[in-house]
>>> print(open('my_file03.csv').read())   # CSV, C-alpha atoms
chain,number,residue,atom,x,y,z
A,263,MET,CA,69.6,268.2,106.6
A,264,VAL,CA,68.7,268.3,103.0
A,265,PHE,CA,65.5,270.1,102.2
A,266,LYS,CA,63.9,269.5,98.8
A,267,PRO,CA,61.1,271.8,97.6
A,268,GLU,CA,57.9,270.3,96.3
A,269,LYS,CA,58.1,270.5,92.5
A,270,SER,CA,54.4,270.2,91.8
A,271,LYS,CA,53.5,273.4,93.6
A,272,ASN,CA,53.3,276.8,91.8
A,273,ILE,CA,56.1,279.0,93.0
A,274,ILE,CA,53.8,281.5,94.5
A,275,MET,CA,52.1,278.8,96.6
A,276,ARG,CA,55.4,277.5,98.0
A,277,SER,CA,56.4,277.7,101.6
A,278,ASP,CA,59.1,280.1,102.8
A,279,GLU,CA,61.5,277.2,103.3
A,280,ASP,CA,60.8,275.9,99.7
A,281,LEU,CA,61.6,279.4,98.4
A,282,MET,CA,64.8,279.6,100.5
A,283,VAL,CA,66.1,276.4,98.6
A,284,LEU,CA,65.4,278.2,95.3
A,285,ILE,CA,67.0,281.4,96.5
A,286,ALA,CA,70.1,279.5,97.6
A,287,ALA,CA,70.3,278.4,93.9
A,288,HIS,CA,70.0,282.1,92.9
A,289,ASN,CA,66.4,282.0,91.8
A,290,ARG,CA,65.4,285.6,91.5
A,291,GLU,CA,61.6,285.0,91.2
A,292,ALA,CA,61.6,283.1,94.5
A,293,PHE,CA,63.4,286.0,96.1
A,294,ASN,CA,60.8,288.5,94.8
A,295,ILE,CA,58.0,286.4,96.3
A,296,LEU,CA,59.7,286.2,99.7
A,297,TYR,CA,60.4,289.9,99.6
A,298,LYS,CA,56.7,290.7,98.9
A,299,ARG,CA,55.7,288.4,101.8
A,300,TYR,CA,57.9,289.9,104.4
A,301,ALA,CA,59.1,293.4,103.4
A,302,GLY,CA,56.0,295.2,104.6
A,303,ARG,CA,56.1,293.4,108.0
A,304,LEU,CA,59.8,294.1,108.4
A,305,LEU,CA,59.4,297.8,107.5
A,306,HIS,CA,56.6,298.1,110.1
A,307,PHE,CA,58.8,296.3,112.7
A,308,PHE,CA,61.7,298.7,112.0
A,309,LYS,CA,59.4,301.8,112.0
A,310,HIS,CA,58.4,301.0,115.5
A,311,LEU,CA,61.9,300.2,116.6
A,312,TYR,CA,63.4,303.3,115.1
A,313,GLN,CA,60.6,305.5,116.4
A,314,PHE,CA,59.0,306.1,113.0
A,315,ASN,CA,62.1,307.2,111.1
A,316,GLU,CA,61.0,305.9,107.7
A,317,GLU,CA,64.4,306.4,106.0
A,318,ILE,CA,66.3,304.2,108.5
A,319,ALA,CA,63.4,301.7,108.6
A,320,ALA,CA,63.5,301.3,104.8
A,321,ASP,CA,67.3,301.0,104.7
A,322,ARG,CA,67.3,298.3,107.4
A,323,THR,CA,64.6,296.4,105.6
A,324,GLN,CA,66.8,296.3,102.5
A,325,ASP,CA,69.8,295.3,104.6
A,326,VAL,CA,67.9,292.3,106.0
A,327,PHE,CA,67.0,291.1,102.6
A,328,LEU,CA,70.6,291.5,101.4
A,329,LYS,CA,71.7,289.4,104.4
A,330,LEU,CA,69.1,286.9,103.5
A,331,LEU,CA,70.7,286.5,100.0
A,332,GLU,CA,74.2,286.3,101.5
A,333,HIS,CA,73.3,283.6,104.0
A,334,ALA,CA,70.7,281.7,102.0
A,335,SER,CA,72.9,278.7,101.5
A,336,ARG,CA,73.5,278.5,105.2
A,337,PHE,CA,69.8,278.6,106.2
A,338,ASP,CA,69.0,275.9,108.8
A,339,PHE,CA,65.8,274.2,107.6
A,340,SER,CA,65.1,272.9,111.1
A,341,ARG,CA,64.3,276.5,112.1
A,342,SER,CA,61.3,278.6,111.2
A,343,PHE,CA,62.1,281.0,108.4
A,344,SER,CA,60.2,283.8,110.0
A,345,THR,CA,62.2,283.5,113.3
A,346,TRP,CA,65.4,283.4,111.3
A,347,LEU,CA,64.5,286.5,109.4
A,348,TYR,CA,63.4,288.5,112.4
A,349,ALA,CA,66.5,287.4,114.3
A,350,MET,CA,68.6,289.0,111.5
A,351,ALA,CA,66.5,292.1,111.7
A,352,PHE,CA,66.8,292.3,115.5
A,353,ASN,CA,70.6,291.9,115.3
A,354,LEU,CA,70.8,294.8,112.9
A,355,TYR,CA,68.8,296.9,115.3
A,356,LYS,CA,70.9,295.8,118.2
A,357,ASN,CA,74.1,296.7,116.4
A,358,ASP,CA,72.6,300.2,115.7
A,359,MET,CA,71.8,300.6,119.3
A,360,ARG,CA,75.3,299.7,120.3
A,361,LYS,CA,76.7,302.2,117.9
A,362,LYS,CA,74.3,304.9,119.1
A,363,GLU,CA,75.3,304.2,122.7
A,364,THR,CA,79.0,304.5,121.9
A,365,GLU,CA,78.3,307.8,120.0
A,366,GLN,CA,76.4,309.1,122.9
A,367,LYS,CA,79.1,308.2,125.4
A,368,PHE,CA,81.6,309.9,123.1
A,369,LEU,CA,79.5,313.1,122.8
A,370,ALA,CA,78.5,313.2,126.4
A,371,GLY,CA,81.5,315.4,127.3
A,372,GLN,CA,81.1,317.7,124.3
A,373,THR,CA,78.8,320.6,123.7
A,374,GLN,CA,77.0,319.2,120.6
A,375,PRO,CA,73.5,317.9,121.0
A,376,MET,CA,73.1,314.1,121.5
A,377,VAL,CA,72.7,312.0,118.4
A,378,SER,CA,69.3,310.5,118.1
A,379,TYR,CA,67.1,308.9,115.5
A,380,PHE,CA,64.8,311.9,115.6
A,381,PRO,CA,61.4,310.3,116.0
A,382,GLN,CA,59.0,311.2,113.2
A,383,THR,CA,55.5,311.7,114.5
A,384,ASP,CA,53.9,312.6,111.2
A,385,TYR,CA,53.0,309.0,110.8
A,386,LEU,CA,50.9,309.1,114.0
A,387,HIS,CA,48.5,311.7,112.5
A,388,ASP,CA,47.3,309.0,110.1
A,389,THR,CA,46.4,306.6,112.8
A,390,HIS,CA,43.3,306.7,115.0
A,391,MET,CA,43.4,308.0,118.5
A,392,ALA,CA,44.0,304.7,120.4
A,393,GLY,CA,46.7,303.6,118.0
A,394,LYS,CA,48.4,307.0,118.2
A,395,ILE,CA,48.4,306.9,122.0
A,396,VAL,CA,49.8,303.4,122.2
A,397,ALA,CA,52.4,304.2,119.6
A,398,GLU,CA,53.5,307.2,121.6
A,399,ALA,CA,53.6,305.2,124.8
A,400,LEU,CA,55.6,302.5,123.1
A,401,ASN,CA,58.3,305.1,122.1
A,402,GLN,CA,58.8,305.7,125.8
A,403,LEU,CA,59.9,302.2,126.5
A,404,GLU,CA,63.5,301.1,126.6
A,405,PRO,CA,64.7,299.6,123.3
A,406,ASP,CA,65.0,296.0,124.6
A,407,VAL,CA,61.6,296.0,126.2
A,408,ARG,CA,60.0,297.8,123.2
A,409,SER,CA,61.3,295.3,120.7
A,410,ILE,CA,60.0,292.3,122.7
A,411,PHE,CA,56.6,293.9,123.1
A,412,ILE,CA,56.4,294.7,119.3
A,413,LEU,CA,57.4,291.2,118.4
A,414,ARG,CA,54.8,289.7,120.8
A,415,HIS,CA,51.8,291.9,120.3
A,416,LEU,CA,52.2,293.6,116.9
A,417,HIS,CA,53.9,290.8,115.0
A,418,GLU,CA,52.4,288.0,117.0
A,419,HIS,CA,55.4,285.8,117.6
A,420,SER,CA,55.2,283.2,120.4
A,421,ILE,CA,57.3,283.6,123.5
A,422,PRO,CA,59.6,280.7,122.5
A,423,GLU,CA,60.1,282.3,119.1
A,424,ILE,CA,60.9,285.7,120.7
A,425,SER,CA,63.4,284.0,122.9
A,426,VAL,CA,65.2,282.7,119.8
A,427,ILE,CA,65.0,286.1,118.0
A,428,VAL,CA,66.4,288.2,120.8
A,429,SER,CA,68.7,285.4,122.1
A,430,CYS,CA,67.5,285.5,125.7
A,431,PRO,CA,65.7,283.0,128.0
A,432,GLU,CA,61.9,282.7,127.9
A,433,GLY,CA,61.7,283.8,131.5
A,434,THR,CA,63.4,287.1,130.6
A,435,VAL,CA,61.0,287.6,127.6
A,436,LYS,CA,58.0,287.0,129.9
A,437,SER,CA,59.3,289.4,132.6
A,438,ARG,CA,60.0,292.1,130.0
A,439,LEU,CA,56.5,291.6,128.5
A,440,PHE,CA,54.9,292.0,131.8
A,441,TYR,CA,57.1,295.1,132.6
A,442,ALA,CA,56.1,296.6,129.3
A,443,MET,CA,52.4,295.9,129.8
A,444,LYS,CA,52.5,297.4,133.3
A,445,LYS,CA,54.4,300.5,132.1
A,446,LEU,CA,52.2,301.1,129.1
A,447,SER,CA,49.0,300.7,131.0
A,448,LYS,CA,50.2,303.2,133.6
A,449,GLN,CA,51.2,305.7,130.9
A,450,LEU,CA,47.8,305.2,129.2
A,451,GLU,CA,46.0,305.8,132.5
A,452,HIS,CA,48.0,309.0,132.8
A,453,LEU,CA,46.9,310.0,129.3
A,454,ASN,CA,43.2,309.9,130.3
A,455,ILE,CA,42.3,306.5,129.1
A,456,SER,CA,38.6,307.2,129.0
A,457,ASP,CA,39.2,309.3,125.9
A,458,TRP,CA,40.7,306.3,124.0
A,459,ILE,CA,37.9,305.3,121.8
B,290,MET,CA,56.2,289.6,145.5
B,291,LYS,CA,57.1,287.3,142.5
B,292,PRO,CA,54.0,285.8,140.8
B,293,THR,CA,53.7,282.0,141.0
B,294,ALA,CA,51.3,281.8,138.1
B,295,ASP,CA,52.7,281.8,134.5
B,296,TYR,CA,52.7,285.0,132.6
B,297,SER,CA,51.4,283.2,129.5
B,298,ASP,CA,48.1,282.3,131.4
B,299,PHE,CA,47.7,285.9,132.5
B,300,GLU,CA,48.2,287.1,128.9
B,301,LYS,CA,45.6,284.6,127.6
B,302,LEU,CA,43.1,285.9,130.1
B,303,LEU,CA,43.8,289.5,129.1
B,304,GLN,CA,43.1,288.6,125.4
B,305,ARG,CA,39.9,286.6,126.1
B,306,LYS,CA,38.1,287.9,129.1
B,307,SER,CA,37.2,291.2,130.7
B,308,PHE,CA,37.7,291.5,134.4
B,309,ASP,CA,34.0,290.9,135.1
B,310,GLU,CA,34.0,287.7,133.1
B,311,LEU,CA,36.8,286.1,135.2
B,312,ASN,CA,35.9,283.3,137.6
B,313,ASP,CA,37.4,282.9,141.0
B,314,ASP,CA,40.4,280.8,139.9
B,315,GLU,CA,41.2,283.2,137.1
B,316,ARG,CA,40.9,286.2,139.4
B,317,LYS,CA,43.5,284.5,141.6
B,318,VAL,CA,45.9,284.3,138.6
B,319,VAL,CA,45.2,287.9,137.5
B,320,GLN,CA,45.7,289.3,141.0
B,321,GLU,CA,49.2,287.9,141.1
B,322,PHE,CA,50.0,290.3,138.2
B,323,ALA,CA,47.7,293.3,138.5
B,324,ASP,CA,44.8,294.8,140.3
B,325,GLU,CA,41.4,295.4,138.8
B,326,GLU,CA,42.2,298.9,137.3
B,327,GLU,CA,45.5,297.8,135.9
B,328,TYR,CA,43.9,294.7,134.3
B,329,LYS,CA,41.2,296.9,132.7
B,330,SER,CA,43.8,299.3,131.3
B,331,MET,CA,45.9,296.4,130.0
B,332,ARG,CA,42.9,294.8,128.4
B,333,ARG,CA,42.1,298.0,126.5
B,334,LEU,CA,45.7,298.1,125.3
B,335,ILE,CA,45.4,294.6,124.0
B,336,THR,CA,41.9,294.8,122.5
B,337,ASP,CA,41.8,298.3,121.2
B,338,GLY,CA,45.2,300.0,121.0
B,339,ILE,CA,47.3,297.2,119.5
B,340,PRO,CA,44.8,296.1,116.7
B,341,GLU,CA,44.8,299.6,115.5
B,342,ILE,CA,48.5,299.7,115.1
B,343,GLN,CA,48.5,296.3,113.5
B,344,SER,CA,46.0,297.5,110.9
B,345,ASN,CA,48.6,300.0,109.6
B,346,MET,CA,51.0,297.1,108.9
B,347,GLY,CA,49.6,296.5,105.4
B,348,THR,CA,49.4,300.2,104.5
B,349,ASP,CA,53.1,300.9,104.7
B,350,SER,CA,54.6,301.4,101.3
B,351,LEU,CA,57.5,299.1,100.6
B,352,PRO,CA,61.1,300.6,100.3
B,353,LEU,CA,61.5,302.5,97.0
B,354,GLY,CA,64.1,300.2,95.4
B,355,GLY,CA,62.2,297.1,96.2
B,356,SER,CA,63.5,293.6,95.7
B,357,ASP,CA,65.4,294.6,92.5
B,358,GLU,CA,67.6,297.0,94.3
B,359,VAL,CA,68.6,294.3,96.9
B,360,TRP,CA,69.2,291.7,94.1
B,361,GLU,CA,71.4,294.0,92.1
B,362,LYS,CA,73.4,295.0,95.2
B,363,PHE,CA,73.9,291.3,95.9
B,364,ILE,CA,75.1,290.6,92.4
B,365,ILE,CA,77.6,293.5,92.5
B,366,GLN,CA,78.8,292.3,95.8
B,367,GLN,CA,79.4,288.8,94.5
B,368,GLN,CA,81.2,290.0,91.4
B,369,SER,CA,83.5,292.2,93.4
B,370,SER,CA,84.4,289.3,95.8
B,371,LYS,CA,85.0,287.0,92.8
B,372,LYS,CA,87.3,289.6,91.2
B,373,LYS,CA,89.3,289.8,94.5
B,374,THR,CA,89.7,286.0,94.6
B,375,THR,CA,90.7,285.9,90.9
B,376,LYS,CA,93.4,288.5,91.6
B,377,ILE,CA,94.8,286.6,94.4
B,378,LEU,CA,94.8,283.3,92.6
B,379,GLY,CA,95.7,284.9,89.2
B,380,ILE,CA,99.3,283.7,89.2
B,381,PHE,CA,98.1,280.1,89.7
B,382,THR,CA,95.5,280.3,86.9
B,383,GLN,CA,97.7,281.7,84.2
B,384,LYS,CA,98.3,279.5,81.2
B,385,VAL,CA,101.9,278.2,80.8
B,386,PRO,CA,103.5,275.7,78.3
B,387,ALA,CA,103.5,272.1,79.4
B,388,TRP,CA,107.3,271.9,79.7
B,389,VAL,CA,107.4,274.5,82.6
B,390,PRO,CA,105.7,272.4,85.3
B,391,ALA,CA,107.5,269.3,84.0
B,392,GLY,CA,110.9,271.1,84.2
B,393,ILE,CA,110.2,272.3,87.7
B,394,ALA,CA,109.3,268.8,88.8
B,395,ALA,CA,112.5,267.4,87.2
B,396,MET,CA,114.6,270.0,89.0
B,397,PHE,CA,113.1,269.0,92.3
B,398,ILE,CA,113.8,265.3,91.7
B,399,LEU,CA,117.4,266.0,90.6
B,400,ALA,CA,117.9,268.2,93.7
B,401,TRP,CA,116.6,265.4,95.8
B,402,PHE,CA,119.0,262.9,94.4
B,403,ILE,CA,122.0,265.3,94.8
B,404,ILE,CA,121.2,265.9,98.5
B,405,GLN,CA,120.1,262.4,99.4
B,406,PRO,CA,123.4,260.4,99.3
B,407,THR,CA,125.3,262.9,101.5
B,408,ASN,CA,122.4,262.9,103.9
B,409,SER,CA,122.2,259.1,104.0
B,410,SER,CA,125.9,258.5,104.4
B,411,SER,CA,126.2,261.0,107.3
B,412,SER,CA,123.1,259.5,109.0
B,413,LEU,CA,124.5,256.0,108.5
B,414,ALA,CA,127.8,257.0,110.2
B,415,LYS,CA,125.9,258.5,113.0
B,416,ASN,CA,123.8,255.4,113.5
B,417,GLN,CA,126.9,253.2,113.5
B,418,ASN,CA,128.4,255.4,116.2
B,419,ASP,CA,125.3,254.9,118.2
B,420,ALA,CA,125.1,251.1,117.6
B,421,HIS,CA,128.7,250.0,118.1
B,422,ILE,CA,130.9,250.3,121.2
B,423,LYS,CA,134.1,251.9,120.2
B,424,GLN,CA,137.2,250.5,121.8
B,425,SER,CA,139.1,253.2,123.5
B,426,SER,CA,142.7,253.6,122.7
B,427,ASN,CA,143.4,255.6,125.9
B,428,ASN,CA,144.4,254.0,129.1
B,429,LYS,CA,141.7,254.2,131.6
B,430,THR,CA,141.7,253.9,135.3
B,431,ASP,CA,138.7,252.8,137.3
B,432,THR,CA,137.9,252.7,141.0
B,433,ILE,CA,137.1,249.7,143.0
B,434,ILE,CA,135.9,250.0,146.6
B,435,ILE,CA,137.6,247.3,148.4
B,436,GLU,CA,135.2,247.2,151.4
B,437,LYS,CA,132.4,246.1,149.2
B,438,ASN,CA,131.8,242.7,147.6
B,439,ILE,CA,132.0,243.5,143.9
B,440,PRO,CA,130.6,240.9,141.6
B,441,CYS,CA,133.1,240.1,138.9
B,442,VAL,CA,134.0,237.5,136.4
B,443,HIS,CA,136.9,235.3,137.2
B,444,ARG,CA,138.3,234.0,133.9
B,445,GLN,CA,141.1,231.5,133.7
B,446,ASP,CA,142.9,232.3,130.6
B,447,ASP,CA,145.9,230.1,129.8
B,448,GLN,CA,147.3,232.5,127.3
B,449,ILE,CA,147.2,235.3,129.7
B,450,ALA,CA,148.3,233.3,132.7
B,451,SER,CA,151.5,232.4,130.9
B,452,LEU,CA,152.4,236.0,130.4
B,453,PRO,CA,154.4,237.8,133.1
B,454,ILE,CA,152.1,239.9,135.3
B,455,THR,CA,153.4,243.2,136.4
B,456,GLN,CA,151.9,246.2,138.2
B,457,GLN,CA,151.4,247.8,134.9
B,458,HIS,CA,148.5,247.2,132.4
B,459,GLN,CA,149.2,244.3,130.2
B,460,LYS,CA,148.8,244.7,126.5
B,461,TYR,CA,147.9,241.6,124.6
B,462,SER,CA,146.4,241.2,121.2
B,463,ASN,CA,145.0,244.8,121.0
B,464,SER,CA,143.3,244.4,124.4
B,465,THR,CA,144.2,246.0,127.6
B,466,TYR,CA,144.0,243.8,130.7
B,467,ILE,CA,143.7,245.2,134.1
B,468,PRO,CA,146.5,243.7,136.3
B,469,SER,CA,145.9,242.0,139.6
B,470,VAL,CA,143.5,243.3,142.2
B,471,GLU,CA,146.4,244.7,144.3
B,472,SER,CA,147.3,247.0,141.5
B,473,VAL,CA,143.7,248.3,141.2
B,474,GLN,CA,143.6,248.9,144.9
B,475,GLN,CA,146.3,251.4,144.4
B,476,ILE,CA,144.2,253.8,142.5
B,477,SER,CA,141.0,253.2,144.4
B,478,THR,CA,141.5,256.4,146.5
B,479,ASP,CA,140.8,258.6,143.5
B,480,LYS,CA,137.2,257.8,143.5
B,481,THR,CA,134.5,257.3,146.1
B,482,GLY,CA,131.0,255.8,146.0
B,483,THR,CA,129.5,253.3,143.7
B,484,ASN,CA,126.2,252.7,142.0
B,485,ALA,CA,124.5,250.1,139.9
B,486,SER,CA,126.1,251.1,136.7
B,487,GLU,CA,129.5,251.0,138.2
B,488,MET,CA,128.7,247.6,139.6
B,489,GLY,CA,127.6,246.5,136.2
B,490,SER,CA,130.7,247.7,134.5
B,491,LEU,CA,132.9,246.3,137.2
B,492,ALA,CA,131.3,243.0,136.8
B,493,GLN,CA,132.6,242.9,133.3
B,494,ILE,CA,136.1,243.7,134.1
B,495,MET,CA,138.4,240.8,133.3
B,496,PHE,CA,141.4,240.5,135.5
B,497,VAL,CA,144.1,237.9,135.8
B,498,VAL,CA,144.9,236.4,139.1
B,499,ASN,CA,148.3,235.2,140.1
>>> encode(input="my_file03.csv", output="structure tokens")
Amino acid sequence: MVFKPEKSKNIIMRSDEDLMVLIAAHNREAFNILYKRYAGRLLHFFKHLYQFNEEIAADRTQDVFLKLLEHASRFDFSRSFSTWLYAMAFNLYKNDMRKKETEQKFLAGQTQPMVSYFPQTDYLHDTHMAGKIVAEALNQLEPDVRSIFILRHLHEHSIPEISVIVSCPEGTVKSRLFYAMKKLSKQLEHLNISDWI
Amino acid sequence: MKPTADYSDFEKLLQRKSFDELNDDERKVVQEFADEEEYKSMRRLITDGIPEIQSNMGTDSLPLGGSDEVWEKFIIQQQSSKKKTTKILGIFTQKVPAWVPAGIAAMFILAWFIIQPTNSSSSLAKNQNDAHIKQSSNNKTDTIIIEKNIPCVHRQDDQIASLPITQQHQKYSNSTYIPSVESVQQISTDKTGTNASEMGSLAQIMFVVN
């Protein structure tokens, strides 16, 4: 499918897909605009995935945009740009999780402490009480469940979109969302929910 | 028990209505997923906790290097991959005088002409061997099973008939003729059995009758 950007539009007003056409032709300005649109969201996404480790979150955000440049010419215009971008981000996270798992398996028999991403909770002091409690509860979820919950409720992706991003059936996405909702609400009940607001 | 209602419907209700606002049908859907207390707790999560986290999304400062850092990394990556490709293809891209490729081509053509005649003559000979039946200079004996009716050609040949027929093979005009059937019978004990090919070849045997 050949996708042609609308020439009349100002570059800032252009859609993500229009900008991708320009980026594939090595247009730096188009890249800067797309970066500004999505870098904040991705950074926030990674912060929650990596338990508020800002350094890793920032590195991964840059990695996603580097991948975007590398694969710009292969972007499928029949797909939503946002879904494509988040899928790349999720794949980076999944790879990290796999590496971490292997490291932990390797270190399991040794005396050294387990490698972890050392959650940074300073970030939580800036948020209000309810947000802080939810963020802490989110950290307790399994990585697969946490990422789906974040995509659905924090980044407001639809269930079919999440299914594409994490490459699993919609039914699995729904059951994980329900599981996350149930587990979070239980944890929040335990944390004296009446003090939330 | 596995809920029969769709989770998406439950999620919509969570976002839109408190437990007290639900009608009977909606309560049925909700009760498949959670009891009243759970529903209230989940609704607080959706309506109070999550929006607060979402509000932080815009306040995060972007990575230090920004888009420039990514762009520069990409350019460096591209340049290094180009350098690698040029190194590999370097020998093909070097400038050479025009006579070099022409000379190489001429050498190939010459080599082809030198090799070709030998090849073609040998292959022709091979083909000829395949195509023509060579007459054997050796004396051959064959077996005829007497008990069976063997189809054969009975040829009256005046020239041959005029020759004296003995028990031995008769030589005439570079051809070997098999003597009378009696003489063939004598060597039939050497071989047993018959098949279609034998029948075919026997059918072509020329023999002279007394």
>>> closest_residue(input="my_file03.csv", among="B:Gln367, B:Asn312, B:Gln320, B:Ser307", to="chain A", atoms="all atoms listed in the file")
B:Gln367
>>> interface_residues(input="my_file03.csv", of="chain B", to="chain A", cutoff="6 Å", atoms="only C-alpha atoms", output="ChimeraX atom specification")
/B:330-331,338,341-343,346,351-352,356,359
>>> atom_distance(input="my_file03.csv", atom1="CA of Met350 in chain A", atom2="CA of Val407 in chain A")
17.7 Å
>>> atom_distance(input="my_file03.csv", atom1="CA of Asn289 in chain A", atom2="CA of Ile273 in chain A")
10.8 Å
>>> atom_distance(input="my_file03.csv", atom1="CA of Glu315 in chain B", atom2="CA of Ser297 in chain B")
12.7 Å
>>> residues_around(input="my_file03.csv", residues="Gln304 in chain B", least_positions_apart="6", cutoff="8 Å", atoms="all atoms listed in the file", output="list in words")
Arg332, Ile335 and Thr336 of chain B
>>> closest_residue(input="my_file03.csv", among="B:Gly355, B:Phe299, B:Ile339, B:Pro386", to="Leu311 in chain B", atoms="only C-alpha atoms")
B:Phe299
>>> build_atoms(input="my_file03.csv", residues="range 300-307 of chain A", atoms="all heavy atoms", output="PDB file, keeping the file's coordinate frame")
ATOM      1  N   TYR A 300      57.383 289.473 103.116  1.00  0.00           N
ATOM      2  CA  TYR A 300      57.900 289.900 104.400  1.00  0.00           C
ATOM      3  C   TYR A 300      58.360 291.398 104.454  1.00  0.00           C
ATOM      4  O   TYR A 300      58.551 291.926 105.542  1.00  0.00           O
ATOM      5  CB  TYR A 300      59.098 289.044 104.820  1.00  0.00           C
ATOM      6  CG  TYR A 300      58.638 287.716 105.366  1.00  0.00           C
ATOM      7  CD1 TYR A 300      58.567 286.604 104.540  1.00  0.00           C
ATOM      8  CD2 TYR A 300      58.246 287.576 106.691  1.00  0.00           C
ATOM      9  CE1 TYR A 300      58.130 285.378 105.022  1.00  0.00           C
ATOM     10  CE2 TYR A 300      57.806 286.363 107.186  1.00  0.00           C
ATOM     11  CZ  TYR A 300      57.752 285.262 106.347  1.00  0.00           C
ATOM     12  OH  TYR A 300      57.309 284.063 106.838  1.00  0.00           O
ATOM     13  N   ALA A 301      58.557 292.052 103.331  1.00  0.00           N
ATOM     14  CA  ALA A 301      59.100 293.400 103.400  1.00  0.00           C
ATOM     15  C   ALA A 301      58.223 294.373 104.141  1.00  0.00           C
ATOM     16  O   ALA A 301      58.729 295.170 104.955  1.00  0.00           O
ATOM     17  CB  ALA A 301      59.341 293.913 101.941  1.00  0.00           C
ATOM     18  N   GLY A 302      56.912 294.284 103.939  1.00  0.00           N
ATOM     19  CA  GLY A 302      56.000 295.200 104.600  1.00  0.00           C
ATOM     20  C   GLY A 302      56.040 294.982 106.130  1.00  0.00           C
ATOM     21  O   GLY A 302      56.099 295.946 106.902  1.00  0.00           O
ATOM     22  N   ARG A 303      56.073 293.707 106.547  1.00  0.00           N
ATOM     23  CA  ARG A 303      56.100 293.400 108.000  1.00  0.00           C
ATOM     24  C   ARG A 303      57.408 293.907 108.609  1.00  0.00           C
ATOM     25  O   ARG A 303      57.402 294.467 109.701  1.00  0.00           O
ATOM     26  CB  ARG A 303      56.025 291.881 108.187  1.00  0.00           C
ATOM     27  CG  ARG A 303      54.615 291.355 108.043  1.00  0.00           C
ATOM     28  CD  ARG A 303      54.565 289.918 108.454  1.00  0.00           C
ATOM     29  NE  ARG A 303      54.177 289.076 107.324  1.00  0.00           N
ATOM     30  CZ  ARG A 303      54.034 287.762 107.406  1.00  0.00           C
ATOM     31  NH1 ARG A 303      54.268 287.141 108.528  1.00  0.00           N
ATOM     32  NH2 ARG A 303      53.650 287.070 106.349  1.00  0.00           N
ATOM     33  N   LEU A 304      58.501 293.685 107.897  1.00  0.00           N
ATOM     34  CA  LEU A 304      59.800 294.100 108.400  1.00  0.00           C
ATOM     35  C   LEU A 304      59.868 295.643 108.523  1.00  0.00           C
ATOM     36  O   LEU A 304      60.384 296.197 109.489  1.00  0.00           O
ATOM     37  CB  LEU A 304      60.946 293.601 107.577  1.00  0.00           C
ATOM     38  CG  LEU A 304      61.349 292.155 107.806  1.00  0.00           C
ATOM     39  CD1 LEU A 304      62.513 291.787 106.910  1.00  0.00           C
ATOM     40  CD2 LEU A 304      61.737 291.901 109.264  1.00  0.00           C
ATOM     41  N   LEU A 305      59.342 296.283 107.487  1.00  0.00           N
ATOM     42  CA  LEU A 305      59.400 297.800 107.500  1.00  0.00           C
ATOM     43  C   LEU A 305      58.573 298.296 108.666  1.00  0.00           C
ATOM     44  O   LEU A 305      59.023 299.215 109.364  1.00  0.00           O
ATOM     45  CB  LEU A 305      58.746 298.251 106.160  1.00  0.00           C
ATOM     46  CG  LEU A 305      58.799 299.753 105.934  1.00  0.00           C
ATOM     47  CD1 LEU A 305      60.239 300.206 105.763  1.00  0.00           C
ATOM     48  CD2 LEU A 305      58.001 300.143 104.696  1.00  0.00           C
ATOM     49  N   HIS A 306      57.432 297.684 108.940  1.00  0.00           N
ATOM     50  CA  HIS A 306      56.600 298.100 110.100  1.00  0.00           C
ATOM     51  C   HIS A 306      57.333 297.837 111.395  1.00  0.00           C
ATOM     52  O   HIS A 306      57.324 298.687 112.293  1.00  0.00           O
ATOM     53  CB  HIS A 306      55.295 297.255 110.021  1.00  0.00           C
ATOM     54  CG  HIS A 306      54.319 297.627 111.074  1.00  0.00           C
ATOM     55  ND1 HIS A 306      54.253 296.947 112.280  1.00  0.00           N
ATOM     56  CD2 HIS A 306      53.370 298.584 111.124  1.00  0.00           C
ATOM     57  CE1 HIS A 306      53.298 297.483 113.009  1.00  0.00           C
ATOM     58  NE2 HIS A 306      52.742 298.480 112.330  1.00  0.00           N
ATOM     59  N   PHE A 307      57.999 296.702 111.479  1.00  0.00           N
ATOM     60  CA  PHE A 307      58.800 296.300 112.700  1.00  0.00           C
ATOM     61  C   PHE A 307      59.865 297.397 112.919  1.00  0.00           C
ATOM     62  O   PHE A 307      60.020 297.920 114.022  1.00  0.00           O
ATOM     63  CB  PHE A 307      59.391 294.964 112.447  1.00  0.00           C
ATOM     64  CG  PHE A 307      60.277 294.447 113.554  1.00  0.00           C
ATOM     65  CD1 PHE A 307      59.818 294.339 114.861  1.00  0.00           C
ATOM     66  CD2 PHE A 307      61.578 294.032 113.284  1.00  0.00           C
ATOM     67  CE1 PHE A 307      60.639 293.836 115.866  1.00  0.00           C
ATOM     68  CE2 PHE A 307      62.401 293.526 114.279  1.00  0.00           C
ATOM     69  CZ  PHE A 307      61.925 293.432 115.572  1.00  0.00           C
TER      70      PHE A 307
END
